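Peer 1: I am sharing protein12.cif, which consists of mmCIF, C-alpha atoms:
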```
data_input
loop_
_atom_site.label_atom_id
_atom_site.label_comp_id
_atom_site.auth_asym_id
_atom_site.auth_seq_id
_atom_site.Cartn_x
_atom_site.Cartn_y
_atom_site.Cartn_z
CA MET D 1 97.90 122.85 82.57
CA ILE D 2 101.25 121.22 81.89
CA ARG D 3 101.64 117.47 81.48
CA LEU D 4 104.09 115.75 83.80
CA ASP D 5 104.88 112.29 82.49
CA VAL D 6 106.21 109.88 85.10
CA PHE D 7 108.00 106.67 84.17
CA ALA D 8 108.11 104.29 87.11
CA ASP D 9 107.80 100.73 88.37
CA PRO D 10 105.96 100.05 91.64
CA VAL D 11 108.71 97.64 92.78
CA CYS D 12 111.31 100.42 92.51
CA PRO D 13 111.99 101.93 95.96
CA TRP D 14 113.35 105.12 94.41
CA CYS D 15 110.09 105.50 92.52
CA TYR D 16 108.20 105.23 95.80
CA LEU D 17 110.44 107.91 97.31
CA GLY D 18 110.14 110.08 94.21
CA LYS D 19 106.36 109.86 94.23
CA ALA D 20 106.15 110.69 97.93
CA GLN D 21 108.35 113.74 97.53
CA LEU D 22 106.48 114.95 94.45
CA ASP D 23 103.18 114.44 96.31
CA ARG D 24 104.43 116.59 99.19
CA ALA D 25 105.39 119.38 96.81
CA LEU D 26 102.05 119.27 94.99
CA GLU D 27 100.10 119.26 98.26
CA ALA D 28 102.08 122.29 99.43
CA ASN D 29 101.40 124.05 96.12
CA PRO D 30 97.73 123.32 95.35
CA ASP D 31 97.76 125.76 92.42
CA HIS D 32 100.49 123.79 90.66
CA PRO D 33 100.13 123.52 86.86
CA PHE D 34 100.69 119.76 86.47
CA THR D 35 98.50 116.99 85.21
CA LEU D 36 100.22 113.69 85.91
CA GLU D 37 100.34 110.68 83.64
CA TRP D 38 102.14 107.51 84.72
CA HIS D 39 103.89 105.31 82.16
CA PRO D 40 105.14 101.72 82.31
CA PHE D 41 108.79 100.83 82.74
CA GLN D 42 109.64 97.36 84.00
CA LEU D 43 112.83 97.17 86.01
CA ASN D 44 112.94 93.38 85.63
CA PRO D 45 111.05 92.43 82.47
CA GLY D 46 112.78 89.07 82.34
CA LEU D 47 111.41 87.78 85.63
CA PRO D 48 109.14 84.74 85.45
CA ALA D 49 105.42 85.47 85.67
CA GLU D 50 105.29 84.12 89.23
CA GLY D 51 108.18 86.34 90.35
CA VAL D 52 111.18 85.23 92.41
CA ASP D 53 112.17 84.91 96.06
CA ARG D 54 113.26 88.35 97.24
CA ALA D 55 116.03 87.16 99.58
CA ASP D 56 117.67 85.27 96.71
CA TYR D 57 117.15 88.22 94.38
CA MET D 58 118.77 90.69 96.78
CA LEU D 59 121.72 88.38 97.34
CA ARG D 60 122.30 88.13 93.58
CA LEU D 61 121.90 91.90 93.21
CA PHE D 62 124.26 92.98 95.99
CA GLY D 63 126.58 89.99 96.29
CA THR D 64 126.44 89.76 100.08
CA GLN D 65 123.72 89.97 102.70
CA GLU D 66 125.65 92.77 104.44
CA ARG D 67 125.47 94.97 101.35
CA ALA D 68 121.76 94.27 100.98
CA VAL D 69 121.17 95.25 104.62
CA GLN D 70 123.15 98.48 104.14
CA ALA D 71 121.02 99.33 101.09
CA HIS D 72 117.86 98.76 103.13
CA LEU D 73 119.13 100.94 105.98
CA ARG D 74 119.90 103.75 103.56
CA LEU D 75 116.46 103.53 102.01
CA GLU D 76 114.83 103.50 105.44
CA GLU D 77 116.73 106.68 106.34
CA LEU D 78 115.67 108.42 103.12
CA GLY D 79 112.14 107.11 103.62
CA ARG D 80 111.88 108.71 107.05
CA GLU D 81 112.92 112.06 105.54
CA ALA D 82 110.26 111.69 102.84
CA GLY D 83 107.52 110.39 105.12
CA VAL D 84 107.68 106.93 103.56
CA ASN D 85 107.63 103.70 105.56
CA PHE D 86 109.35 100.65 104.11
CA ASP D 87 108.68 97.23 105.63
CA PHE D 88 111.38 95.17 103.98
CA ALA D 89 110.84 92.24 106.34
CA ALA D 90 107.29 91.83 105.02
CA ILE D 91 108.37 91.51 101.37
CA THR D 92 109.01 87.93 100.29
CA ARG D 93 108.66 88.14 96.50
CA VAL D 94 109.99 90.27 93.66
CA PRO D 95 107.11 90.14 91.18
CA ASN D 96 107.00 90.49 87.45
CA THR D 97 105.12 93.80 87.16
CA LEU D 98 103.62 93.47 83.69
CA ASP D 99 100.14 92.88 85.12
CA ALA D 100 100.57 95.76 87.58
CA HIS D 101 101.41 98.02 84.65
CA ARG D 102 98.37 96.77 82.76
CA LEU D 103 96.26 97.75 85.78
CA MET D 104 97.93 101.17 85.84
CA HIS D 105 97.06 101.56 82.16
CA TRP D 106 93.38 100.74 82.71
CA ALA D 107 93.26 102.99 85.76
CA GLY D 108 94.51 105.83 83.58
CA LEU D 109 91.66 105.27 81.15
CA GLU D 110 89.20 105.56 84.04
CA GLY D 111 90.80 108.58 85.67
CA ARG D 112 91.84 106.54 88.71
CA GLN D 113 95.53 106.22 88.02
CA GLY D 114 96.69 108.22 91.04
CA ALA D 115 94.72 106.06 93.46
CA VAL D 116 95.91 102.82 91.87
CA ILE D 117 99.56 103.90 91.79
CA SER D 118 99.41 104.83 95.48
CA ALA D 119 97.76 101.51 96.29
CA LEU D 120 100.41 99.52 94.43
CA PHE D 121 103.30 101.24 96.20
CA ARG D 122 101.62 100.91 99.59
CA ALA D 123 100.70 97.26 99.05
CA TYR D 124 104.22 96.25 98.06
CA TRP D 125 106.49 98.40 100.20
CA ARG D 126 104.40 98.78 103.36
CA GLU D 127 102.27 95.63 103.41
CA GLY D 128 104.51 93.12 101.64
CA ARG D 129 101.75 92.01 99.28
CA ASP D 130 102.59 90.25 96.03
CA ILE D 131 101.54 92.72 93.34
CA GLY D 132 102.27 90.11 90.70
CA ASP D 133 99.31 88.11 92.04
CA ARG D 134 96.22 88.85 89.96
CA ALA D 135 93.84 88.44 92.90
CA VAL D 136 95.81 91.07 94.82
CA LEU D 137 95.69 93.41 91.84
CA ALA D 138 91.94 92.94 91.49
CA ASP D 139 91.52 93.75 95.19
CA LEU D 140 93.58 96.93 94.83
CA ALA D 141 91.58 97.94 91.77
CA GLU D 142 88.32 97.49 93.64
CA ALA D 143 89.57 99.54 96.59
CA ALA D 144 90.45 102.32 94.15
CA GLY D 145 86.90 102.35 92.78
CA MET D 146 87.31 100.11 89.74
CA ASP D 147 85.09 97.16 88.83
CA ARG D 148 86.81 94.17 90.40
CA ALA D 149 85.14 91.53 88.24
CA MET D 150 85.99 93.37 85.04
CA VAL D 151 89.61 93.90 86.10
CA ALA D 152 89.90 90.22 87.03
CA ARG D 153 88.61 89.19 83.60
CA LEU D 154 91.04 91.54 81.87
CA LEU D 155 93.97 90.28 83.92
CA ASP D 156 93.11 86.69 83.02
CA SER D 157 93.29 87.65 79.34
CA ASP D 158 96.06 89.19 77.24
CA ALA D 159 94.20 92.51 77.08
CA ASP D 160 96.56 95.44 76.46
CA ARG D 161 99.61 93.31 77.11
CA ASP D 162 101.17 94.35 73.82
CA THR D 163 100.12 97.97 74.40
CA VAL D 164 101.94 98.13 77.72
CA LEU D 165 105.02 96.36 76.36
CA GLY D 166 105.02 98.76 73.42
CA ARG D 167 104.83 101.79 75.71
CA ASP D 168 107.70 100.41 77.78
CA ALA D 169 109.77 99.85 74.63
CA HIS D 170 108.95 103.36 73.37
CA ALA D 171 110.17 104.87 76.65
CA ARG D 172 113.50 103.09 76.25
CA GLU D 173 113.75 104.27 72.66
CA ARG D 174 113.27 107.84 73.91
CA GLY D 175 116.24 107.38 76.24
CA VAL D 176 114.55 106.45 79.50
CA ASN D 177 116.92 103.89 81.02
CA ALA D 178 116.23 104.25 84.74
CA VAL D 179 113.31 105.17 86.95
CA PRO D 180 111.86 107.33 88.20
CA THR D 181 112.11 109.63 85.21
CA PHE D 182 109.93 112.72 84.88
CA ILE D 183 109.32 114.59 81.63
CA ILE D 184 107.88 118.09 81.93
CA ALA D 185 105.81 119.40 79.01
CA ASP D 186 107.28 116.68 76.76
CA THR D 187 110.55 118.65 76.83
CA TYR D 188 112.46 118.74 80.12
CA VAL D 189 113.76 115.50 81.60
CA VAL D 190 114.26 115.05 85.34
CA SER D 191 115.83 111.83 86.61
CA GLY D 192 115.71 110.38 90.08
CA ALA D 193 113.80 110.97 93.30
CA GLN D 194 113.84 114.75 93.70
CA LYS D 195 113.13 116.48 97.00
CA PRO D 196 109.99 118.62 97.45
CA ALA D 197 112.10 121.80 97.36
CA PHE D 198 113.17 120.96 93.81
CA TRP D 199 109.58 120.60 92.63
CA ALA D 200 108.60 123.79 94.49
CA ASP D 201 111.29 125.63 92.53
CA VAL D 202 110.02 124.17 89.25
CA ILE D 203 106.45 125.20 90.07
CA ARG D 204 107.61 128.72 90.98
CA ASP D 205 109.65 129.05 87.77
CA ILE D 206 106.68 127.99 85.65
CA ALA D 207 104.45 130.49 87.43
CA GLU D 208 106.95 133.30 86.94
CA ARG D 209 107.26 132.54 83.24
CA GLY D 210 103.51 132.54 82.94
CA ASP D 211 103.40 136.02 84.46
CA GLU D 212 105.88 137.44 81.96
#
```
Show me the file's structure as structure tokens.
Peer 2:
Amino acid sequence: MIRLDVFADPVCPWCYLGKAQLDRALEANPDHPFTLEWHPFQLNPGLPAEGVDRADYMLRLFGTQERAVQAHLRLEELGREAGVNFDFAAITRVPNTLDAHRLMHWAGLEGRQGAVISALFRAYWREGRDIGDRAVLADLAEAAGMDRAMVARLLDSDADRDTVLGRDAHARERGVNAVPTFIIADTYVVSGAQKPAFWADVIRDIAERGDE
């Protein structure tokens, strides 16, 4: 098997698209060689712990409401192509995702990372839930098969906070400066949300090399 490292943030719409398109390629190629590992990368590490109002955030990011609407329309179009539904109207907060990344870290230790990652993206982009809220995170963990009470206790502590921040910093030191970023076999770097056809080509190339 070949490790596919994925650097992402669940509040990044391009990461959601990239995951959906990778998932489609892997489902279409069940004999693919990849084992996935997700790594933390905070898009907005400087946000307050309680997050910020999304309407205000988008206005600061794009300058005008018209530009923000155009960005949403473009993402909705790309989402339809990828089988992803965005419900921008439901999203009221832009959370600080440090706790979400801590949950992703613990899920990885339990072999439940894929389920938790999917739940985080779905909760934020399709249901408008605040994934900076620790009660929401504990609920998502429980739904993914983790011990809710244990996760809640960990979230209320500083457990693995420095570990996650260190992993984020290490990614930036390696040159990761945007997400999603994929690293194949610790060697080949792929940036951005790639279409399923791209991943199908990668899987085919790996298989052909293995047959040589």
Peer 1: Report as a compact mmCIF listing (two decimals) with C-alpha atoms, keeping the file's coordinate frame the residues that result from applying the PyMOL selection byres ((chain D and resi 130) around 12) to the structure here.
Peer 2:
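Output saved as out-v8.txt:
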```txt
# COMPACT_ATOMS: atom_id res chain seq x y z
CA PRO D 10 105.96 100.05 91.64
CA VAL D 11 108.71 97.64 92.78
CA ALA D 49 105.42 85.47 85.67
CA GLU D 50 105.29 84.12 89.23
CA GLY D 51 108.18 86.34 90.35
CA VAL D 52 111.18 85.23 92.41
CA ASP D 53 112.17 84.91 96.06
CA ARG D 54 113.26 88.35 97.24
CA ALA D 90 107.29 91.83 105.02
CA ILE D 91 108.37 91.51 101.37
CA THR D 92 109.01 87.93 100.29
CA ARG D 93 108.66 88.14 96.50
CA VAL D 94 109.99 90.27 93.66
CA PRO D 95 107.11 90.14 91.18
CA ASN D 96 107.00 90.49 87.45
CA THR D 97 105.12 93.80 87.16
CA ASP D 99 100.14 92.88 85.12
CA ALA D 100 100.57 95.76 87.58
CA LEU D 120 100.41 99.52 94.43
CA PHE D 121 103.30 101.24 96.20
CA ARG D 122 101.62 100.91 99.59
CA ALA D 123 100.70 97.26 99.05
CA TYR D 124 104.22 96.25 98.06
CA TRP D 125 106.49 98.40 100.20
CA ARG D 126 104.40 98.78 103.36
CA GLU D 127 102.27 95.63 103.41
CA GLY D 128 104.51 93.12 101.64
CA ARG D 129 101.75 92.01 99.28
CA ILE D 131 101.54 92.72 93.34
CA GLY D 132 102.27 90.11 90.70
CA ASP D 133 99.31 88.11 92.04
CA ARG D 134 96.22 88.85 89.96
CA ALA D 135 93.84 88.44 92.90
CA VAL D 136 95.81 91.07 94.82
CA LEU D 137 95.69 93.41 91.84
CA ALA D 138 91.94 92.94 91.49
CA ASP D 139 91.52 93.75 95.19
CA LEU D 140 93.58 96.93 94.83
```
Peer 1: Would you mind listing what lies within 7 Å of Ser191 (chain D) as a list in words, with all atoms listed in the file counted and same-chain residues fewer than 4 positions away left out?
Peer 2: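 That gives Pro180, Thr181 and Phe182 of chain D.
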Peer 1: Of the residues D:Leu155, D:Ala178, D:Val84, D:Ala144, which is the one nearest to Leu17 (chain D), using only C-alpha atoms?
Peer 2: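 When distances to Leu17 (chain D) are compared using only C-alpha atoms, the smallest one comes from D:Val84.
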Peer 1: Using all atoms listed in the file for the distances, tell me which of D:Gln70, D:Ala171, D:Ala55, D:Thr187 is nearest to Ala89 (chain D).
Peer 2: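 Checking each of D:Gln70, D:Ala171, D:Ala55, D:Thr187 against Ala89 (chain D), counting all atoms listed in the file, the winner is D:Ala55.
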Peer 1: Grab the CA of Asn85 (chain D) to CA of Ala200 (chain D) distance for me, in Å with one decimal place.
Peer 2: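 Atom-to-atom, CA of Asn85 (chain D) and CA of Ala200 (chain D) are spaced 23.0 Å apart.
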Peer 1: Tell me which protein, DNA and RNA residues are within 12 Å of Ala159 (chain D), counting only C-alpha atoms, leaving out same-chain ones fewer than 6 positions away, and put them as a tab-separated table (two decimals) with C-alpha atoms, keeping the file's coordinate frame.
Peer 2:
```tsv
chain	number	residue	atom	x	y	z
D	98	LEU	CA	103.62	93.47	83.69
D	99	ASP	CA	100.14	92.88	85.12
D	101	HIS	CA	101.41	98.02	84.65
D	102	ARG	CA	98.37	96.77	82.76
D	103	LEU	CA	96.26	97.75	85.78
D	105	HIS	CA	97.06	101.56	82.16
D	106	TRP	CA	93.38	100.74	82.71
D	150	MET	CA	85.99	93.37	85.04
D	151	VAL	CA	89.61	93.90	86.10
D	152	ALA	CA	89.90	90.22	87.03
D	153	ARG	CA	88.61	89.19	83.60
D	165	LEU	CA	105.02	96.36	76.36
```
Peer 1: Suppose you want the space between CA of Arg167 (chain D) and CA of Ala82 (chain D); what is it in Å?
Peer 2: 29.4 Å
Peer 1: For a test of reading the model, state the distance in Å between CA of Phe198 (chain D) and CA of Pro40 (chain D), rounded to one decimal.
Peer 2: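 Going from CA of Phe198 (chain D) over to CA of Pro40 (chain D), I get 23.8 Å.
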Peer 1: Would you compute an axis-aligned box for region 38-50 of chain D, covering every atom listed for it in the file with 8 Å of margin on each side, and report centre and edge lengths in Å to one decimal as AutoDock Vina command-line options?
Peer 2:
```
--center_x 107.5 --center_y 95.8 --center_z 85.7 --size_x 26.8 --size_y 39.4 --size_z 23.1
```
Peer 1: Which neighbours of region 30-33 of chain D fall inside 9 Å, counting all atoms listed in the file, when residues of the same chain fewer than 4 positions from it are skipped, and could you give them as a list of chain:residue names?
Peer 2: D:Met1, D:Ile2, D:Arg3, D:Ala25, D:Leu26, D:Ala200, D:Ile203, D:Arg204, D:Ile206, D:Ala207
Peer 1: Could you write out the selected residues, including C-alpha atoms, as a tab-separated table (two decimals), in the coordinates of the input?
Peer 2:
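Done, and the output landed in part_26.tsv:
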```tsv
chain	number	residue	atom	x	y	z
D	1	MET	CA	97.90	122.85	82.57
D	2	ILE	CA	101.25	121.22	81.89
D	3	ARG	CA	101.64	117.47	81.48
D	25	ALA	CA	105.39	119.38	96.81
D	26	LEU	CA	102.05	119.27	94.99
D	200	ALA	CA	108.60	123.79	94.49
D	203	ILE	CA	106.45	125.20	90.07
D	204	ARG	CA	107.61	128.72	90.98
D	206	ILE	CA	106.68	127.99	85.65
D	207	ALA	CA	104.45	130.49	87.43
```
Peer 1: Around (106.5, 118.3, 77.9), as given in the file, which residues come within 12 Å? Count only C-alpha atoms and list them as a PyMOL selection string.
Peer 2: chain D and resi 1-6+34-37+182-190
Peer 1: List the spatial neighbours of Glu81 (chain D) as a compact mmCIF listing (two decimals) with C-alpha atoms, keeping the file's coordinate frame - criterion: any atom at most 10 Å away, all atoms listed in the file, same-chain residues fewer than 5 positions off excluded.
Peer 2:
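Contents of around_31.txt, as written:
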```txt
# COMPACT_ATOMS: atom_id res chain seq x y z
CA LEU D 17 110.44 107.91 97.31
CA GLN D 21 108.35 113.74 97.53
CA LEU D 75 116.46 103.53 102.01
CA GLU D 76 114.83 103.50 105.44
CA LYS D 195 113.13 116.48 97.00
```
Peer 1: Residues picked by the PyMOL selection byres ((chain D and resi 113) around 10) here, as a ChimeraX atom specification?
Peer 2: /D:36-38,103-112,114-119,141,144
Peer 1: Rank nothing, just name the residue among D:Pro13, D:Gln42, D:Arg74, D:Pro196 nearest to Gly166 (chain D), using only C-alpha atoms.
Peer 2: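 Checking each of D:Pro13, D:Gln42, D:Arg74, D:Pro196 against Gly166 (chain D), counting only C-alpha atoms, the winner is D:Gln42.
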Peer 1: Quick check on the file I pasted: which residues fall under the PyMOL selection byres ((chain D and resi 179) around 8)? Write them as a ChimeraX atom specification.
Peer 2: /D:7-9,12,14-15,41,176-178,180-181,191-192
Peer 1: Calculated over only C-alpha atoms, which of the candidates D:Ala193, D:Trp199, D:Met58, D:Asp87 has the smallest distance to Gly18 (chain D)?
Peer 2: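 Counting only C-alpha atoms, the residue closest to Gly18 (chain D) is D:Ala193.
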Peer 1: From the set D:Arg24, D:Arg209, D:Arg67, D:Arg174, which residue has the shortest atom-to-atom contact distance to Gly83 (chain D), counting only C-alpha atoms?
Peer 2: D:Arg24
